[in-house]
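Have a look at the structure below, then the notes.
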Amino acid sequence: MDASNHIIFYDIASGPPVPSFNTQSLENAVNLNLIGSRFNIWIYIYQTSITYHNYVTSVRKKLGAETVQKDWDGSPLHTLPVIQALSTGAVTGVVGDTFDIALYLDKTYPKGPSLLPLSIIGLLSAFSTQVDAIFS
């Protein structure tokens with residue numbers, strides 16, 4: 001991985017001084033830091049873009065990130081986190097939702113131990129789908 005590969009991590013702001021309150025975002029930030037350590041990169045391989053709650057839908061639509069969850073009326077539920085992968089300035093991938101982000105990072109950066117153990121990905125996928133259904 002070199003400096004031309006970069007990830008923008010979209011997170012939800014909680015208010016001044018704009019820290020995140022989203023535990024899913026924290027999980028993704030840890031995963032991104034682990035990916036950086038796999039490649040012995042002790043500088044940031046990603047930047048965080050803080051988004052206020054009332055702009056989440058417009059940001060996610062602008063990025064073209066597909067939604068997994070549905071709102072109570074069946075419409076798409078636009079949430080963060082989302083990552084946007086860039087390679088030499090071009091967008092190479094937009095992935096939303098924590099489970100999908102971890103799968104994407106494991107597939108794209110396979111060096112070192114995986115974020116999700118291969119032996120339980122099916123179980124984690126079923127669990128993630130069920131949780132999405134409960135909270136949708």
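Simple scheme: letters A, B, ... for chains in structure tokens order, numbers from 1 for residues in each chain, numbers from 1 for ligands in the order shown.
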
Could you list, as a list in words, every residue within 12 Å of region 122-133 of chain A, counting only C-alpha atoms and ignoring same-chain residues fewer than 3 positions away? Thr67, Val68, Gln69, Lys70, Asp71, Trp72, Gly74, Leu77, Thr79, Asp97, Thr98, Phe99, Asp100, Ala102, Leu103, Leu115, Leu116, Pro117, Leu118, Ser119 and Ser136 of chain A

Can I get the selected residues back with N, CA and C atoms, as an mmCIF file, in the first residue's frame?
```cif
data_model
loop_
_atom_site.group_PDB
_atom_site.id
_atom_site.type_symbol
_atom_site.label_atom_id
_atom_site.label_comp_id
_atom_site.auth_asym_id
_atom_site.auth_seq_id
_atom_site.Cartn_x
_atom_site.Cartn_y
_atom_site.Cartn_z
ATOM 1 N N THR A 67 -27.897 1.236 0.537
ATOM 2 C CA THR A 67 -28.336 1.071 1.923
ATOM 3 C C THR A 67 -28.698 -0.378 2.199
ATOM 4 N N VAL A 68 -28.452 -0.815 3.407
ATOM 5 C CA VAL A 68 -28.788 -2.166 3.842
ATOM 6 C C VAL A 68 -30.080 -2.147 4.634
ATOM 7 N N GLN A 69 -30.219 -1.151 5.500
ATOM 8 C CA GLN A 69 -31.376 -1.075 6.378
ATOM 9 C C GLN A 69 -32.519 -0.304 5.722
ATOM 10 N N LYS A 70 -33.727 -0.620 6.171
ATOM 11 C CA LYS A 70 -34.927 0.081 5.723
ATOM 12 C C LYS A 70 -35.550 0.815 6.902
ATOM 13 N N ASP A 71 -36.158 1.966 6.606
ATOM 14 C CA ASP A 71 -36.863 2.732 7.620
ATOM 15 C C ASP A 71 -38.208 2.068 7.884
ATOM 16 N N TRP A 72 -38.942 2.534 8.884
ATOM 17 C CA TRP A 72 -40.219 1.932 9.277
ATOM 18 C C TRP A 72 -41.219 1.899 8.131
ATOM 19 N N GLY A 74 -40.415 1.467 4.941
ATOM 20 C CA GLY A 74 -39.864 0.708 3.829
ATOM 21 C C GLY A 74 -38.876 1.481 2.973
ATOM 22 N N LEU A 77 -32.887 3.475 4.708
ATOM 23 C CA LEU A 77 -32.413 4.153 5.910
ATOM 24 C C LEU A 77 -30.939 4.484 5.705
ATOM 25 N N THR A 79 -27.495 5.647 6.757
ATOM 26 C CA THR A 79 -26.710 5.721 7.979
ATOM 27 C C THR A 79 -25.229 5.829 7.630
ATOM 28 N N ASP A 97 -21.789 0.463 6.010
ATOM 29 C CA ASP A 97 -22.176 -0.480 7.049
ATOM 30 C C ASP A 97 -20.979 -1.300 7.530
ATOM 31 N N THR A 98 -20.889 -1.453 8.811
ATOM 32 C CA THR A 98 -19.705 -1.990 9.475
ATOM 33 C C THR A 98 -19.279 -3.358 8.970
ATOM 34 N N PHE A 99 -20.207 -4.300 8.870
ATOM 35 C CA PHE A 99 -19.859 -5.650 8.435
ATOM 36 C C PHE A 99 -19.299 -5.633 7.015
ATOM 37 N N ASP A 100 -19.971 -4.914 6.115
ATOM 38 C CA ASP A 100 -19.519 -4.835 4.724
ATOM 39 C C ASP A 100 -18.162 -4.138 4.610
ATOM 40 N N ALA A 102 -15.752 -4.200 6.905
ATOM 41 C CA ALA A 102 -14.739 -5.166 7.352
ATOM 42 C C ALA A 102 -14.453 -6.196 6.257
ATOM 43 N N LEU A 103 -15.497 -6.689 5.571
ATOM 44 C CA LEU A 103 -15.298 -7.631 4.461
ATOM 45 C C LEU A 103 -14.474 -6.993 3.350
ATOM 46 N N LEU A 115 -9.623 -9.357 9.629
ATOM 47 C CA LEU A 115 -10.472 -8.695 10.613
ATOM 48 C C LEU A 115 -11.617 -9.608 11.032
ATOM 49 N N LEU A 116 -12.123 -10.390 10.082
ATOM 50 C CA LEU A 116 -13.202 -11.346 10.339
ATOM 51 C C LEU A 116 -12.680 -12.749 10.049
ATOM 52 N N PRO A 117 -12.675 -13.651 11.036
ATOM 53 C CA PRO A 117 -12.202 -15.012 10.795
ATOM 54 C C PRO A 117 -13.030 -15.698 9.702
ATOM 55 N N LEU A 118 -12.356 -16.298 8.737
ATOM 56 C CA LEU A 118 -13.040 -16.939 7.608
ATOM 57 C C LEU A 118 -14.033 -18.004 8.055
ATOM 58 N N SER A 119 -13.720 -18.700 9.140
ATOM 59 C CA SER A 119 -14.563 -19.817 9.579
ATOM 60 C C SER A 119 -15.931 -19.376 10.089
ATOM 61 N N SER A 136 -34.506 -2.058 11.815
ATOM 62 C CA SER A 136 -35.032 -1.338 10.642
ATOM 63 C C SER A 136 -36.505 -1.085 10.806
#
```

Atomic distance CA of Tyr104 (chain A) - CA of Asn54 (chain A), expressed in Å with one decimal: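 Atom-to-atom, CA of Tyr104 (chain A) and CA of Asn54 (chain A) are spaced 26.9 Å apart.
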
From CA of Asp106 (chain A) to CA of Ala65 (chain A) the spacing works out at 18.8 Å

DSSP on the backbone, strand (DSSP E or B) only: what residues of region 24-128 of chain A does that give? Format it as a VMD selection string. chain A and resid 46 to 51 70 76 82 to 87 90 to 96

For CA of Leu63 (chain A) and CA of Gly96 (chain A), quote the distance in Å rounded to one decimal.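 Value for the CA of Leu63 (chain A)-CA of Gly96 (chain A) distance: 9.9 Å.
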
Find the residue from A:Leu86, A:Val95, A:Leu80, A:Ala13 that sits nearest to Glu66 (chain A); use only C-alpha atoms when measuring. A:Val95

Within 9 Å of Gln47 (chain A), counting only C-alpha atoms, which residues show up once you throw out same-chain ones fewer than 2 positions away? Write them as a ChimeraX atom specification, please. /A:6-10,44-45,49
